[in-house]
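Undergrad: File input_34.cif below, mmCIF, C-alpha atoms:
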```
data_model
loop_
_atom_site.label_atom_id
_atom_site.label_comp_id
_atom_site.auth_asym_id
_atom_site.auth_seq_id
_atom_site.Cartn_x
_atom_site.Cartn_y
_atom_site.Cartn_z
CA MET A 22 113.22 99.78 82.34
CA ALA A 23 116.48 101.47 83.32
CA LEU A 24 117.10 101.47 87.06
CA MET A 25 119.66 103.62 88.88
CA ALA A 26 120.85 102.17 92.18
CA LEU A 27 122.20 104.64 94.74
CA THR A 28 123.54 103.21 97.99
CA ASN A 29 126.06 103.70 100.75
CA LEU A 30 125.98 100.09 101.94
CA PRO A 31 129.49 98.52 101.98
CA GLU A 32 128.38 95.21 100.43
CA PHE A 33 127.44 96.92 97.15
CA GLU A 34 129.91 97.56 94.33
CA GLY A 35 130.20 101.32 94.47
CA PRO A 36 127.63 104.00 95.35
CA GLU A 37 125.95 104.18 91.92
CA LYS A 38 125.04 101.81 89.11
CA ILE A 39 122.55 101.81 86.22
CA VAL A 40 121.01 98.49 85.18
CA ILE A 41 118.28 97.43 82.74
CA ARG A 42 115.49 95.35 84.25
CA ARG A 43 112.38 93.70 82.80
CA TYR A 44 109.16 93.12 84.69
CA SER A 45 110.09 89.44 85.06
CA ASP A 46 113.24 90.55 86.94
CA PHE A 47 111.10 92.41 89.45
CA GLU A 48 108.92 89.31 89.80
CA TRP A 49 112.05 87.25 90.44
CA LEU A 50 113.13 89.64 93.21
CA HIS A 51 109.68 89.63 94.81
CA ASP A 52 109.32 85.84 94.74
CA ARG A 53 112.81 85.16 96.09
CA LEU A 54 112.25 87.56 98.98
CA ALA A 55 108.85 85.99 99.72
CA GLU A 56 110.51 82.55 99.87
CA ARG A 57 113.36 83.60 102.13
CA TYR A 58 111.77 86.14 104.48
CA LYS A 59 108.70 84.49 105.98
CA GLY A 60 106.92 86.85 108.36
CA ILE A 61 107.96 90.02 106.54
CA PHE A 62 105.48 91.93 104.38
CA ILE A 63 107.14 91.89 100.96
CA PRO A 64 106.27 95.12 99.11
CA PRO A 65 103.71 94.50 96.37
CA LEU A 66 104.31 94.63 92.63
CA PRO A 67 101.97 96.48 90.27
CA GLU A 68 99.75 94.31 88.08
CA LYS A 69 101.55 92.68 85.16
CA ASN A 70 98.71 92.91 82.66
CA ALA A 71 96.58 95.82 81.58
CA VAL A 72 93.66 96.26 79.24
CA GLU A 73 95.22 95.89 75.79
CA LYS A 74 94.36 99.39 74.54
CA PHE A 75 96.05 100.97 77.60
CA ARG A 76 99.03 98.63 77.71
CA PHE A 77 101.43 100.92 75.85
CA SER A 78 99.88 104.26 76.79
CA LYS A 79 102.14 106.90 78.34
CA GLU A 80 99.89 106.94 81.40
CA PHE A 81 100.15 103.18 81.98
CA ILE A 82 103.91 103.17 81.42
CA GLU A 83 104.41 106.03 83.89
CA LEU A 84 102.17 104.40 86.51
CA ARG A 85 104.06 101.13 86.09
CA ARG A 86 107.42 102.92 86.37
CA GLN A 87 106.42 104.76 89.55
CA ALA A 88 105.04 101.59 91.14
CA LEU A 89 108.19 99.60 90.33
CA ASP A 90 110.38 102.42 91.70
CA MET A 91 108.34 102.38 94.91
CA PHE A 92 108.65 98.59 95.10
CA VAL A 93 112.46 98.73 94.96
CA ASN A 94 112.72 101.74 97.28
CA ARG A 95 110.59 100.03 99.92
CA ILE A 96 112.79 96.96 99.82
CA ALA A 97 115.96 99.06 99.95
CA SER A 98 114.68 100.98 102.99
CA HIS A 99 113.57 97.87 104.92
CA PRO A 100 116.01 97.01 107.75
CA GLU A 101 116.07 93.30 106.85
CA LEU A 102 115.33 93.16 103.14
CA LYS A 103 117.95 95.75 102.19
CA GLN A 104 120.67 93.33 103.33
CA SER A 105 119.48 90.44 101.16
CA GLU A 106 121.76 88.87 98.59
CA VAL A 107 118.96 88.76 96.00
CA LEU A 108 118.56 92.54 96.21
CA ARG A 109 122.29 92.97 95.65
CA VAL A 110 122.10 90.72 92.57
CA PHE A 111 119.02 92.56 91.28
CA LEU A 112 120.63 95.99 91.64
CA GLN A 113 124.12 95.16 90.43
CA ALA A 114 124.19 92.10 88.14
CA ASP A 115 124.50 92.72 84.40
CA GLU A 116 121.73 91.46 82.12
CA GLU A 117 123.43 88.15 81.38
CA LYS A 118 123.95 87.32 85.07
CA MET A 119 120.41 88.45 85.85
CA ASP A 120 119.02 86.14 83.17
CA ARG A 121 121.03 83.22 84.55
CA ALA A 122 119.86 83.87 88.11
CA ARG A 123 116.25 84.15 87.01
CA SER A 124 116.24 81.06 84.79
CA TYR A 125 118.04 78.98 87.44
CA GLU A 126 115.42 79.56 90.12
CA THR A 127 112.27 80.08 88.07
CA GLY A 128 112.86 77.88 85.04
CA ILE A 129 111.15 74.63 84.11
CA PHE A 130 113.87 72.57 85.81
CA LYS A 131 113.62 73.14 89.53
CA ARG A 132 116.38 72.48 92.01
CA PRO A 133 116.50 69.04 93.69
CA ALA A 134 115.34 70.61 96.95
CA ASP A 135 112.22 71.86 95.18
CA PHE A 136 111.46 68.36 93.87
CA LEU A 137 111.88 66.96 97.38
CA GLN A 138 109.53 69.55 98.84
CA MET A 139 106.99 68.95 96.06
CA PHE A 140 107.13 65.20 96.81
CA LYS A 141 106.64 65.79 100.52
CA ASP A 142 103.68 68.12 99.87
CA VAL A 143 101.98 65.61 97.57
CA GLN A 144 102.71 62.77 99.99
CA SER A 145 101.20 64.76 102.84
CA LYS A 146 98.05 65.59 100.87
CA VAL A 147 97.58 61.97 99.81
CA SER A 148 98.01 60.81 103.42
CA ASP A 149 95.38 63.30 104.57
CA VAL A 150 92.91 61.95 102.03
CA VAL A 151 93.64 58.30 102.80
CA LEU A 152 93.49 58.77 106.54
CA GLY A 153 90.44 60.98 106.35
CA LYS A 154 91.96 63.74 108.43
CA GLU A 155 89.74 66.62 109.40
CA LYS A 156 90.35 70.19 108.33
CA PRO A 157 93.76 71.34 109.66
CA VAL A 158 93.60 73.17 112.96
CA GLU A 159 93.99 76.95 112.75
CA GLU A 160 95.54 79.43 115.13
CA SER A 161 92.77 81.02 117.13
CA THR A 162 93.63 83.60 119.77
CA PRO A 163 91.60 86.76 120.47
CA GLU A 164 94.48 88.95 119.31
CA TYR A 165 94.98 87.09 116.05
CA GLU A 166 91.25 86.89 115.30
CA LYS A 167 91.07 90.65 115.83
CA LEU A 168 93.99 91.13 113.41
CA LYS A 169 92.42 88.92 110.75
CA ASN A 170 89.11 90.77 110.97
CA TYR A 171 90.90 94.11 110.73
CA ILE A 172 92.88 93.05 107.64
CA PHE A 173 89.82 91.78 105.80
CA GLU A 174 87.83 94.91 106.67
CA LEU A 175 90.74 97.12 105.65
CA GLU A 176 90.99 95.34 102.32
CA ASN A 177 87.27 95.83 101.60
CA HIS A 178 87.25 99.51 102.59
CA LEU A 179 90.45 100.31 100.67
CA ALA A 180 89.12 98.54 97.58
CA GLU A 181 85.87 100.52 97.75
CA ALA A 182 87.73 103.82 98.27
CA GLN A 183 89.99 103.03 95.32
CA LYS A 184 86.98 102.20 93.13
CA GLN A 185 85.34 105.54 93.98
CA ALA A 186 88.63 107.36 93.38
CA TYR A 187 88.75 105.77 89.92
CA ARG A 188 85.23 107.05 89.27
CA LEU A 189 86.31 110.54 90.32
CA VAL A 190 89.17 110.42 87.82
CA LYS A 191 86.80 109.26 85.10
CA ARG A 192 84.22 111.95 85.86
CA HIS A 193 86.82 114.71 85.86
CA ARG A 194 87.96 113.57 82.43
CA GLU A 195 84.42 113.28 81.12
CA LEU A 196 83.54 116.75 82.41
CA GLY A 197 86.76 118.13 80.94
CA GLN A 198 85.95 116.61 77.56
CA SER A 199 82.38 117.95 77.74
CA LEU A 200 83.62 121.46 78.54
CA ALA A 201 86.04 121.35 75.61
CA GLU A 202 83.25 120.35 73.23
CA PHE A 203 80.91 122.92 74.79
CA GLY A 204 83.56 125.62 74.31
CA LYS A 205 83.85 124.87 70.61
CA ALA A 206 80.07 124.78 70.18
CA ILE A 207 79.50 128.08 71.98
CA LYS A 208 82.18 129.81 69.88
CA LEU A 209 80.44 128.66 66.71
CA LEU A 210 77.12 129.88 68.10
CA GLY A 211 78.64 133.28 68.81
CA ALA A 212 80.11 133.50 65.32
CA CYS A 213 76.65 132.80 63.93
CA GLU A 214 75.10 135.60 66.02
CA GLY A 215 77.76 138.23 65.37
CA ASP A 216 78.27 141.63 67.02
CA MET A 217 78.38 141.70 70.85
CA MET A 218 77.10 138.12 71.23
CA GLU A 219 80.07 136.81 69.25
CA LYS A 220 82.56 138.47 71.57
CA VAL A 221 80.86 137.33 74.78
CA PHE A 222 80.24 133.77 73.57
CA SER A 223 83.81 133.53 72.35
CA GLU A 224 85.00 134.38 75.86
CA VAL A 225 82.63 131.82 77.37
CA GLY A 226 84.01 129.25 74.94
CA SER A 227 87.59 130.16 75.80
CA LYS A 228 86.88 129.85 79.54
CA SER A 229 85.27 126.45 78.94
CA GLU A 230 88.32 125.24 77.01
CA MET A 231 90.66 126.59 79.66
CA LEU A 232 88.70 124.82 82.42
CA SER A 233 88.71 121.65 80.33
CA ILE A 234 92.51 121.62 80.46
CA LYS A 235 92.48 122.24 84.22
CA LEU A 236 90.04 119.36 84.73
CA GLN A 237 92.23 117.02 82.68
CA ARG A 238 95.26 118.04 84.74
CA GLU A 239 93.37 117.48 87.97
CA ALA A 240 92.28 114.06 86.66
CA ASP A 241 95.95 113.20 86.19
CA ASN A 242 96.72 114.51 89.67
CA LEU A 243 93.93 112.37 91.12
CA LEU A 244 95.15 109.31 89.26
CA PHE A 245 98.81 109.54 90.29
CA ASN A 246 98.48 111.06 93.77
CA PHE A 247 95.17 109.72 95.03
CA GLU A 248 93.83 106.66 93.23
CA GLU A 249 97.20 105.00 92.70
CA PRO A 250 98.29 105.25 96.38
CA LEU A 251 94.96 103.69 97.40
CA LYS A 252 95.45 100.91 94.83
CA ASP A 253 98.98 100.40 96.13
CA TYR A 254 97.63 99.78 99.63
CA VAL A 255 95.06 97.33 98.28
CA ARG A 256 98.05 95.43 96.89
CA ALA A 257 99.90 95.86 100.20
CA VAL A 258 97.05 94.15 102.05
CA GLN A 259 97.42 91.22 99.65
CA SER A 260 101.05 90.99 100.78
CA ILE A 261 99.92 90.92 104.41
CA LYS A 262 97.45 88.14 103.60
CA ALA A 263 100.25 86.16 101.94
CA THR A 264 102.30 86.50 105.14
CA MET A 265 99.27 85.41 107.15
CA MET A 266 99.12 82.30 104.97
CA ASP A 267 102.79 81.60 105.75
CA ARG A 268 101.97 82.05 109.43
CA ALA A 269 99.03 79.63 109.16
CA ASN A 270 101.21 77.03 107.46
CA ALA A 271 103.92 77.43 110.10
CA PHE A 272 101.33 77.09 112.88
CA ARG A 273 99.91 73.91 111.38
CA GLN A 274 103.35 72.40 111.06
CA HIS A 275 104.18 73.40 114.64
CA PHE A 276 100.86 72.03 115.93
CA ASP A 277 100.98 68.75 113.98
CA LEU A 278 104.56 67.98 114.99
CA ASP A 279 103.87 68.90 118.61
CA GLN A 280 100.85 66.59 118.69
CA GLU A 281 102.84 63.80 117.07
CA ARG A 282 105.67 64.35 119.56
CA LYS A 283 103.28 64.06 122.51
CA TYR A 284 101.73 60.92 121.06
CA LYS A 285 105.07 59.23 120.43
CA GLU A 286 106.36 60.28 123.83
CA LEU A 287 103.52 58.34 125.48
CA ASN A 288 104.14 55.34 123.24
CA LEU A 289 107.84 55.49 124.00
CA GLU A 290 107.17 55.12 127.72
CA LYS A 291 104.98 52.09 127.08
CA LEU A 292 107.55 50.58 124.70
CA LYS A 293 110.27 50.89 127.33
CA PHE A 294 108.56 48.25 129.43
CA MET A 295 106.64 46.22 126.83
CA ASN A 296 109.27 45.90 124.07
CA PRO A 297 112.76 46.91 125.21
CA GLU A 298 114.30 45.61 121.96
CA LYS A 299 112.59 48.27 119.86
CA TYR A 300 113.01 51.00 122.45
CA ALA A 301 116.46 52.19 121.28
CA GLU A 302 115.30 52.62 117.69
CA ALA A 303 112.08 54.32 118.78
CA GLU A 304 113.99 56.62 121.11
CA SER A 305 116.26 57.71 118.25
CA GLU A 306 113.24 58.46 116.07
CA PHE A 307 111.62 60.36 118.93
CA ARG A 308 114.71 62.56 119.43
CA GLU A 309 114.65 63.41 115.71
CA LEU A 310 110.94 64.18 115.87
CA LYS A 311 111.42 66.31 118.98
CA ALA A 312 114.14 68.32 117.22
CA ASP A 313 111.85 68.85 114.22
CA SER A 314 109.01 69.89 116.52
CA GLU A 315 111.18 72.41 118.37
CA GLU A 316 112.44 73.81 115.06
CA ALA A 317 108.86 74.19 113.78
CA THR A 318 107.88 75.97 116.98
CA LYS A 319 110.82 78.35 116.67
CA LYS A 320 109.90 79.04 113.04
CA PHE A 321 106.30 79.82 113.96
CA GLU A 322 107.30 82.07 116.87
CA HIS A 323 109.81 83.83 114.63
CA ILE A 324 107.10 84.58 112.05
CA VAL A 325 104.77 85.87 114.79
CA ARG A 326 107.48 88.18 116.13
CA LEU A 327 108.31 89.51 112.67
CA MET A 328 104.64 90.04 111.84
CA ASN A 329 104.14 92.12 114.97
CA GLU A 330 107.09 94.31 113.99
CA GLU A 331 105.87 94.53 110.40
CA LEU A 332 102.36 95.53 111.44
CA ALA A 333 103.68 98.41 113.52
CA ARG A 334 105.78 99.57 110.57
CA PHE A 335 102.86 99.12 108.15
CA GLN A 336 100.46 101.14 110.30
CA GLU A 337 102.91 104.00 110.65
CA GLN A 338 103.66 104.09 106.92
CA LYS A 339 99.99 103.70 105.96
CA THR A 340 98.97 106.62 108.14
CA ALA A 341 101.60 108.84 106.50
CA ASP A 342 100.93 107.71 102.91
CA ILE A 343 97.12 107.72 103.03
CA GLY A 344 97.16 111.02 104.91
CA LEU A 345 99.33 112.55 102.17
CA ALA A 346 97.07 111.13 99.45
CA PHE A 347 93.96 112.71 101.00
CA HIS A 348 95.83 115.97 101.55
CA GLU A 349 96.75 116.05 97.85
CA PHE A 350 93.15 115.21 96.95
CA ALA A 351 91.70 118.04 99.07
CA LYS A 352 94.31 120.55 97.90
CA GLY A 353 93.69 119.71 94.24
CA GLN A 354 89.92 119.90 94.62
CA ALA A 355 90.12 123.23 96.45
CA LYS A 356 92.33 124.74 93.73
CA LEU A 357 90.10 123.38 90.96
CA ALA A 358 86.96 124.76 92.64
CA LYS A 359 88.61 128.19 92.97
CA ASP A 360 89.75 128.18 89.33
CA ILE A 361 86.26 127.25 88.15
CA ALA A 362 84.59 129.88 90.33
CA ASP A 363 87.09 132.59 89.26
CA ALA A 364 86.67 131.75 85.57
CA TRP A 365 82.88 131.98 85.55
CA ARG A 366 82.80 134.95 87.91
CA SER A 367 85.10 136.91 85.59
CA ILE A 368 82.62 136.83 82.71
CA LEU A 369 79.42 137.40 84.71
CA PRO A 370 79.41 141.21 84.15
CA LYS A 371 79.65 140.78 80.37
CA LEU A 372 76.92 138.15 80.35
CA GLU A 373 74.69 140.41 82.49
CA ALA A 374 75.32 143.33 80.13
CA CYS A 375 74.51 141.16 77.17
CA SER A 376 71.28 139.90 78.73
CA THR A 377 70.00 143.41 79.58
CA SER A 378 70.96 145.14 76.33
#
```
As a first step, turn the structure in this file into structure tokens.

TA:
Amino acid sequence: MALMALTNLPEFEGPEKIVIRRYSDFEWLHDRLAERYKGIFIPPLPEKNAVEKFRFSKEFIELRRQALDMFVNRIASHPELKQSEVLRVFLQADEEKMDRARSYETGIFKRPADFLQMFKDVQSKVSDVVLGKEKPVEESTPEYEKLKNYIFELENHLAEAQKQAYRLVKRHRELGQSLAEFGKAIKLLGACEGDMMEKVFSEVGSKSEMLSIKLQREADNLLFNFEEPLKDYVRAVQSIKATMMDRANAFRQHFDLDQERKYKELNLEKLKFMNPEKYAEAESEFRELKADSEEATKKFEHIVRLMNEELARFQEQKTADIGLAFHEFAKGQAKLAKDIADAWRSILPKLEACSTS
């Protein structure tokens, strides 16, 4: 899709630029931000795949376009993410440079650092199995337990609301289609009857067809302005859960290193008197371990601090967005109900006259 970048940030090359981006480019941006900004809720992407028969429909394409626009706009309005180098590349690199950046970091051949991390991860997992370690300890404070429960409840309730919103869209379309077919049938019935019945039934048919169009339009309004925002927040909760996983991993690393530091500190004191020859080497290893432990603690505390800031921002934005979605829903339903009532009320006198003649 074509993307127009408008900015007043000095690090960008000019205030305006149009670039062509594929879905895989958006994935690249999302994944790079998720790697580099632990503790921040990275805005969610829309689903990549769709049911085959809807994949190239105008409706699906427009929904995808709107969701991708929102994804980029949320990143560009975030106080931290908007300053990232990967966003600058995404918004300003030509297609060739974008392809190179994407293939370099997401291709089959990973960077040496990735291989090293993969080796460490495998080594750690094997050690856990061999040593028979118990399930890794998890962060458990009243505040964090309350947060986790809230996020899981929010996810369930949002998913259920989105499912019911989808059903509303479907029923509006089904009723609209039924009214269109009813309108055609009633016109044919009137033509068969002739005289006054033909005129009245023709008007009933026309009202039905007119209301069918209004119902289809309201179905579109529900889809874009009600169901889709709810679905977007279901995806947003997934982003929060991904950040919670990063937090859990950081806590485990902090906890494990801190426990190992305490254990080696005790052994170091014993070694000082029992085996002075090995003390110097052990002390050097301990200093390195202590530095790693302090770094892991800082990383964990940094993620906690960022998450607290992100949650406050998320709650404020959610309240505004969901409030707007329900306002649009109520406004659309009120207008539709009035249009339906006005349409049928307008032909009641003619139907009454027809029934008493």

Undergrad: Could you tell me which residues the PyMOL selection byres ((chain A and resi 96-111) around 10) grabs in this file, written as number ranges by chain?

TA: A: 26-28, 30, 32-34, 40-42, 46-47, 49-51, 53-54, 57-58, 61-64, 91-95, 112-116, 118-119, 122-123, 334

Undergrad: Measuring between all atoms listed in the file, which one of A:Thr340, A:Glu219, A:Val158, A:Phe173 shows the shortest distance to Asp277 of chain A?

TA: A:Val158

Undergrad: Which residues fall under the PyMOL selection byres ((chain A and resi 192-196) around 8) in this file, as a PDB file with C-alpha atoms, in the frame of the given file?

TA:
```pdb
ATOM      1  CA  ARG A 188      85.230 107.050  89.270  1.00  0.00           C
ATOM      2  CA  LEU A 189      86.310 110.540  90.320  1.00  0.00           C
ATOM      3  CA  VAL A 190      89.170 110.420  87.820  1.00  0.00           C
ATOM      4  CA  LYS A 191      86.800 109.260  85.100  1.00  0.00           C
ATOM      5  CA  GLY A 197      86.760 118.130  80.940  1.00  0.00           C
ATOM      6  CA  GLN A 198      85.950 116.610  77.560  1.00  0.00           C
ATOM      7  CA  SER A 199      82.380 117.950  77.740  1.00  0.00           C
ATOM      8  CA  LEU A 200      83.620 121.460  78.540  1.00  0.00           C
ATOM      9  CA  SER A 233      88.710 121.650  80.330  1.00  0.00           C
ATOM     10  CA  LEU A 236      90.040 119.360  84.730  1.00  0.00           C
ATOM     11  CA  GLN A 237      92.230 117.020  82.680  1.00  0.00           C
ATOM     12  CA  GLU A 239      93.370 117.480  87.970  1.00  0.00           C
ATOM     13  CA  ALA A 240      92.280 114.060  86.660  1.00  0.00           C
TER      14      ALA A 240
END
```

Undergrad: Looking at only C-alpha atoms, which of A:Val258, A:Ile361, A:Ala374, A:Met265 is the one that sits closest to Leu327 of chain A?

TA: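 Ranked by minimum distance to Leu327 of chain A, first place goes to A:Met265.
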
Undergrad: Calculate how many Å separate atom CA of Glu164 of chain A from atom CA of Glu331 of chain A, rounding to one decimal.

TA: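 That distance, rounded to one decimal, is 15.5 Å.
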
Undergrad: Would you please work out which residue, of A:Ala317, A:Leu66, A:Leu287, A:Ala201, is nearest to Ala303 of chain A when using only C-alpha atoms?

TA: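 Among the listed residues, A:Leu287 lies closest to Ala303 of chain A.
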
Undergrad: Here is a test: counting all atoms listed in the file, which residue of A:Ile261, A:Glu249, A:Lys208, A:His275 is nearest to Ala312 of chain A?

TA: A:His275
